[in-house]
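Engineer: Can you keep this structure in mind? I'll have questions shortly.
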Amino acid sequence: MPRKAAVPTVSNGSYLQGQANGRLSSMDSGQPALEGKVVLKKKVTLLRGISIIIGTIIGAGIFISPKGILKNTGSVGMSLTVWTACGILSLFGALCYAELGTCIKKSGGHYTYILEAFGPLPAFVRVWVELLIIRPAATAVISLAFGRYILEPFFMQCEIPELAIKLITAVGITLVMVLNSTSVSWSARIQMFLTFCKLVAILIIIVPGVIQLIKGETQHFKNAFAGNDASVMGLPLAFYSGMYAYSGWFYLNFVTEEVENPEKNIPLAICISMIIVTVGYVLTNVAYFTTISAGELLLSKAVAVTFAERLMGNFSLAVPVFVALSCFGSMNGGIFAVSRMFFVASREGHLPEILSMIHVRKHTPLPAVIVLHPLTMIMLFNGDLYSLLNFLSFARWLFIGLVVAGLIYLRYKRPDMPRPFKVPLFIPALFSFTCLFMVALSLYSDPVNTGIGFAITLTGIPAYYLFIVWDKKPKWFRKLLGK
């Protein structure tokens, strides 16, 4: 559908449109930017890229509830095996995204790669579901964990009021939005600091765990594979939980155009980050089992807190603070990355034009950031967020599987495309099969919630024809869309 060219002029002295025809020139295209053009600057170095990935992957899960994997595997040894396997599988997926990020040098992540491989309809459906439900709900859930754990030291002797949690959560969400609207550099610097805090938090658990091993506290590892046998349904569900804990390795691909030397830094950042996270996750779980038995771990509401109370005494008060900082880092990294997906989708004409505007002085995609604020607040104060995520989580793996299948398709469709970084074909084949297997399993094991999520995803199809394809819209409708 022909789109009105976006004129690169200042609007009210605040914003500048990306580029004519809704496209922003690639940072690596070699074409000089037009005079006066405002673009997203290349401020993501290798270290900042690593901090984005690690800082977004490590959220509250590893500190609070690794019991999902233990519950579905039935034994300590099998749970550690699944943690390791999920790390390797996530590395495979990350390597596939590294290839895509070095040969398609556009920001936008999942959306951009689906658009390049399969066209506008599936790409629009992906960004539609992300904008309306997945990202606001995911941000609200991780920020609720932030609110709960930042208040934990003040309510040691009683239950934390739900209203207090939601109010401090709302403040945290607003702070993240303001930070990402104000400065790319500062949001990246704070992300690096928070990533450092996450790694310190993991070391606070790993180091005492290693000391426990040296002391001979290995009773919980004897007959490690003995226990309840993992069921045919249990093992895939354990992998599903593990893959969720590792999710976040794809976020650097959302900001490709802002990465310095992407051909080198994207693969390096992804590989370094995944090795650090996988080793950290496995050693953290080993540390837990030096002090907590499998049965006690299944009964614990917050494993890291239970572990700290056993070994650290009063110092255990620091653990909720580190968990809160970890959650804040995940919020910051997620907003920083996903706002770029909306920016790119708007640039391609799939979202209202205002979302592809950049602040003249701050060089941030401010409208693409703040559009998430009201939606996230609605999710925060309304409804059961966890069930919402349960019946939409399949959409994430469906589209990630589709992206990696698209890598295989592009190998045959566009064999001459420059590929500075290339993975063996068995890696995308194995990863895409695993993603689609998990999606099929969720349809079988939980047809109601998955069916609701599937129906919500399908609403993107009529929305595409209404908002994008229909070219005889009334004037008021076009103004509403910013056309």
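In the structure tokens, each chain is lettered A, B, ... as it comes, each chain's residues begin at 1, and ligands are numbered from 1 in order of appearance.
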Quick one: residues within 7 Å of Cys96 (chain A), only C-alpha atoms counted, chain neighbours fewer than 2 positions away excluded, as a list in words?
Structural biologist: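 The contact residues come out as Phe92, Gly93, Ala94, Ala98, Glu99, Leu100, Val404, Val423 and Pro428 of chain A.
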Engineer: Create the file for the chosen residues now, containing N, CA, C and O atoms and written as a PDB file, in the first residue's frame.
Structural biologist:
ATOM      1  N   PHE A  92      22.199 -21.800  21.062  1.00  0.00           N
ATOM      2  CA  PHE A  92      21.926 -22.106  19.656  1.00  0.00           C
ATOM      3  C   PHE A  92      21.001 -21.044  19.043  1.00  0.00           C
ATOM      4  O   PHE A  92      21.241 -20.543  17.941  1.00  0.00           O
ATOM      5  N   GLY A  93      19.924 -20.726  19.774  1.00  0.00           N
ATOM      6  CA  GLY A  93      19.005 -19.699  19.280  1.00  0.00           C
ATOM      7  C   GLY A  93      19.695 -18.352  19.160  1.00  0.00           C
ATOM      8  O   GLY A  93      19.491 -17.617  18.181  1.00  0.00           O
ATOM      9  N   ALA A  94      20.529 -18.027  20.147  1.00  0.00           N
ATOM     10  CA  ALA A  94      21.241 -16.751  20.135  1.00  0.00           C
ATOM     11  C   ALA A  94      22.220 -16.671  18.957  1.00  0.00           C
ATOM     12  O   ALA A  94      22.370 -15.610  18.338  1.00  0.00           O
ATOM     13  N   ALA A  98      22.436 -14.061  15.979  1.00  0.00           N
ATOM     14  CA  ALA A  98      23.692 -13.370  15.663  1.00  0.00           C
ATOM     15  C   ALA A  98      23.900 -13.332  14.149  1.00  0.00           C
ATOM     16  O   ALA A  98      24.307 -12.305  13.596  1.00  0.00           O
ATOM     17  N   GLU A  99      23.615 -14.459  13.472  1.00  0.00           N
ATOM     18  CA  GLU A  99      23.729 -14.466  12.004  1.00  0.00           C
ATOM     19  C   GLU A  99      22.750 -13.484  11.387  1.00  0.00           C
ATOM     20  O   GLU A  99      23.105 -12.699  10.495  1.00  0.00           O
ATOM     21  N   LEU A 100      21.504 -13.503  11.857  1.00  0.00           N
ATOM     22  CA  LEU A 100      20.496 -12.598  11.306  1.00  0.00           C
ATOM     23  C   LEU A 100      20.867 -11.142  11.560  1.00  0.00           C
ATOM     24  O   LEU A 100      20.680 -10.281  10.692  1.00  0.00           O
ATOM     25  N   VAL A 404      13.693 -18.270  13.309  1.00  0.00           N
ATOM     26  CA  VAL A 404      14.845 -19.142  13.037  1.00  0.00           C
ATOM     27  C   VAL A 404      14.584 -20.014  11.805  1.00  0.00           C
ATOM     28  O   VAL A 404      15.503 -20.291  11.028  1.00  0.00           O
ATOM     29  N   VAL A 423      26.157 -19.767  10.942  1.00  0.00           N
ATOM     30  CA  VAL A 423      26.103 -20.940  11.819  1.00  0.00           C
ATOM     31  C   VAL A 423      25.842 -22.191  10.987  1.00  0.00           C
ATOM     32  O   VAL A 423      25.227 -22.121   9.922  1.00  0.00           O
ATOM     33  N   PRO A 428      20.062 -23.963  13.495  1.00  0.00           N
ATOM     34  CA  PRO A 428      18.702 -23.416  13.356  1.00  0.00           C
ATOM     35  C   PRO A 428      17.636 -24.489  13.186  1.00  0.00           C
ATOM     36  O   PRO A 428      16.504 -24.320  13.648  1.00  0.00           O
TER      37      PRO A 428
END
Engineer: Set the distance at 6 Å and use only C-alpha atoms: which residues neighbour region 133-137 of chain A once local chain neighbours fewer than 4 positions away are removed? I'd like the list as a compact mmCIF listing (two decimals) with N, CA and C atoms, in the first residue's frame.
Structural biologist:
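Result written to part_25.txt:
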# COMPACT_ATOMS: atom_id res chain seq x y z
N VAL A 129 0.63 -8.25 18.65
CA VAL A 129 0.50 -8.99 19.91
C VAL A 129 1.50 -8.45 20.95
N LEU A 375 -0.49 1.31 28.70
CA LEU A 375 -0.86 -0.10 28.54
C LEU A 375 -0.33 -0.93 29.71
N THR A 376 0.89 -0.63 30.13
CA THR A 376 1.47 -1.37 31.26
C THR A 376 0.72 -1.07 32.56
N MET A 379 -2.42 -3.07 32.68
CA MET A 379 -2.12 -4.46 33.05
C MET A 379 -1.80 -4.58 34.53
Engineer: Quick check, in Å to one decimal: how far apart do CA of Leu115 (chain A) and CA of Leu410 (chain A) lie?
Structural biologist: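 Result for CA of Leu115 (chain A) versus CA of Leu410 (chain A): 11.6 Å, one decimal.
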Engineer: Determine, using only C-alpha atoms, which residues of region 248-350 of chain A have any atom at most 12 Å from an atom of region 84-87 of chain A, and tabulate each with its shortest atom pair and distance in Å to one decimal place, rows ordered by chain and then rising number, as JSON lines.
Structural biologist:
{"residue": "A:Gly248", "atom": "CA", "partner": "A:Gly87", "partner_atom": "CA", "distance": 11.9}
{"residue": "A:Trp249", "atom": "CA", "partner": "A:Gly87", "partner_atom": "CA", "distance": 10.5}
{"residue": "A:Cys271", "atom": "CA", "partner": "A:Gly87", "partner_atom": "CA", "distance": 11.3}
{"residue": "A:Ser273", "atom": "CA", "partner": "A:Gly87", "partner_atom": "CA", "distance": 10.9}
{"residue": "A:Met274", "atom": "CA", "partner": "A:Gly87", "partner_atom": "CA", "distance": 7.2}
{"residue": "A:Ile275", "atom": "CA", "partner": "A:Gly87", "partner_atom": "CA", "distance": 8.1}
{"residue": "A:Ile276", "atom": "CA", "partner": "A:Gly87", "partner_atom": "CA", "distance": 10.0}
{"residue": "A:Val277", "atom": "CA", "partner": "A:Gly87", "partner_atom": "CA", "distance": 7.9}
{"residue": "A:Thr278", "atom": "CA", "partner": "A:Gly87", "partner_atom": "CA", "distance": 5.1}
{"residue": "A:Val279", "atom": "CA", "partner": "A:Thr84", "partner_atom": "CA", "distance": 8.2}
{"residue": "A:Gly280", "atom": "CA", "partner": "A:Gly87", "partner_atom": "CA", "distance": 10.3}
{"residue": "A:Tyr281", "atom": "CA", "partner": "A:Thr84", "partner_atom": "CA", "distance": 8.3}
{"residue": "A:Val282", "atom": "CA", "partner": "A:Thr84", "partner_atom": "CA", "distance": 6.5}
{"residue": "A:Leu283", "atom": "CA", "partner": "A:Thr84", "partner_atom": "CA", "distance": 10.0}
{"residue": "A:Thr284", "atom": "CA", "partner": "A:Thr84", "partner_atom": "CA", "distance": 11.8}
{"residue": "A:Asn285", "atom": "CA", "partner": "A:Thr84", "partner_atom": "CA", "distance": 10.5}
{"residue": "A:Val286", "atom": "CA", "partner": "A:Thr84", "partner_atom": "CA", "distance": 11.4}
Engineer: Show me a table, sorted first by chain and then by increasing residue number, of the residues of region 180-214 of chain A having an atom at most 7 Å from region 49-70 of chain A, each with its shortest atom pair and the distance in Å to one decimal, counting only C-alpha atoms and written as CSV.
Structural biologist:
residue,atom,partner,partner_atom,distance
A:Gln191,CA,A:Ser51,CA,6.2
A:Met192,CA,A:Ser51,CA,5.1
A:Leu194,CA,A:Gly55,CA,6.8
A:Thr195,CA,A:Gly55,CA,4.7
Engineer: Those same residues, written as a PDB file, in the first residue's frame with N, CA and C atoms?
Structural biologist:
ATOM      1  N   GLN A 191      22.112   0.283  32.956  1.00  0.00           N
ATOM      2  CA  GLN A 191      21.981  -1.147  32.676  1.00  0.00           C
ATOM      3  C   GLN A 191      23.283  -1.878  32.993  1.00  0.00           C
ATOM      4  N   MET A 192      24.416  -1.266  32.695  1.00  0.00           N
ATOM      5  CA  MET A 192      25.703  -1.879  33.023  1.00  0.00           C
ATOM      6  C   MET A 192      25.868  -2.013  34.535  1.00  0.00           C
ATOM      7  N   LEU A 194      23.424  -2.196  36.801  1.00  0.00           N
ATOM      8  CA  LEU A 194      22.477  -3.195  37.291  1.00  0.00           C
ATOM      9  C   LEU A 194      22.929  -4.605  36.925  1.00  0.00           C
ATOM     10  N   THR A 195      23.545  -4.749  35.749  1.00  0.00           N
ATOM     11  CA  THR A 195      24.089  -6.059  35.372  1.00  0.00           C
ATOM     12  C   THR A 195      25.193  -6.477  36.340  1.00  0.00           C
TER      13      THR A 195
END
Engineer: Within 10 Å of Val178 (chain A), counting only C-alpha atoms, which residues show up once you throw out same-chain ones fewer than 6 positions away? Write them as a PDB file with N, CA, C and O atoms, in the first residue's frame, please.
Structural biologist:
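Here's the written file around_12.pdb:
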ATOM      1  N   GLY A 172       8.300   2.561  39.798  1.00  0.00           N
ATOM      2  CA  GLY A 172       9.420   1.921  39.104  1.00  0.00           C
ATOM      3  C   GLY A 172       9.238   1.914  37.597  1.00  0.00           C
ATOM      4  O   GLY A 172      10.174   2.213  36.838  1.00  0.00           O
ATOM      5  N   SER A 187      20.637   5.272  30.078  1.00  0.00           N
ATOM      6  CA  SER A 187      19.939   3.991  30.251  1.00  0.00           C
ATOM      7  C   SER A 187      20.922   2.835  30.063  1.00  0.00           C
ATOM      8  O   SER A 187      20.851   1.824  30.770  1.00  0.00           O
ATOM      9  N   LEU A 366      11.297   8.620  21.677  1.00  0.00           N
ATOM     10  CA  LEU A 366      10.463   8.902  22.851  1.00  0.00           C
ATOM     11  C   LEU A 366       9.027   8.404  22.706  1.00  0.00           C
ATOM     12  O   LEU A 366       8.501   7.753  23.623  1.00  0.00           O
ATOM     13  N   VAL A 369       8.695   4.735  23.265  1.00  0.00           N
ATOM     14  CA  VAL A 369       8.897   4.330  24.663  1.00  0.00           C
ATOM     15  C   VAL A 369       7.633   4.563  25.482  1.00  0.00           C
ATOM     16  O   VAL A 369       7.129   3.668  26.153  1.00  0.00           O
ATOM     17  N   ILE A 370       7.087   5.783  25.391  1.00  0.00           N
ATOM     18  CA  ILE A 370       5.985   6.141  26.297  1.00  0.00           C
ATOM     19  C   ILE A 370       4.667   5.490  25.904  1.00  0.00           C
ATOM     20  O   ILE A 370       3.750   5.433  26.722  1.00  0.00           O
ATOM     21  N   HIS A 373       3.593   2.964  28.424  1.00  0.00           N
ATOM     22  CA  HIS A 373       3.287   3.323  29.807  1.00  0.00           C
ATOM     23  C   HIS A 373       1.813   3.123  30.177  1.00  0.00           C
ATOM     24  O   HIS A 373       1.507   2.405  31.146  1.00  0.00           O
TER      25      HIS A 373
END
Engineer: Using only C-alpha atoms, determine which residues lie at most 8 Å from Leu380 (chain A), disregarding the query and same-chain residues fewer than 6 positions distant; provide the list as a list in words.
Structural biologist: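 Neighbouring residues, sequence-local ones excluded: Ala137, Ala140, Val141, Leu144, Lys166 and Ala170 of chain A.
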Engineer: For Tyr113 (chain A), work out the shell of residues within 10 Å, counting only C-alpha atoms and skipping chain neighbours fewer than 3 positions away, then give it as a ChimeraX atom specification.
Structural biologist: /A:97,100-101,104,106-110,116-119,123,253,400,402-404,406-407,410
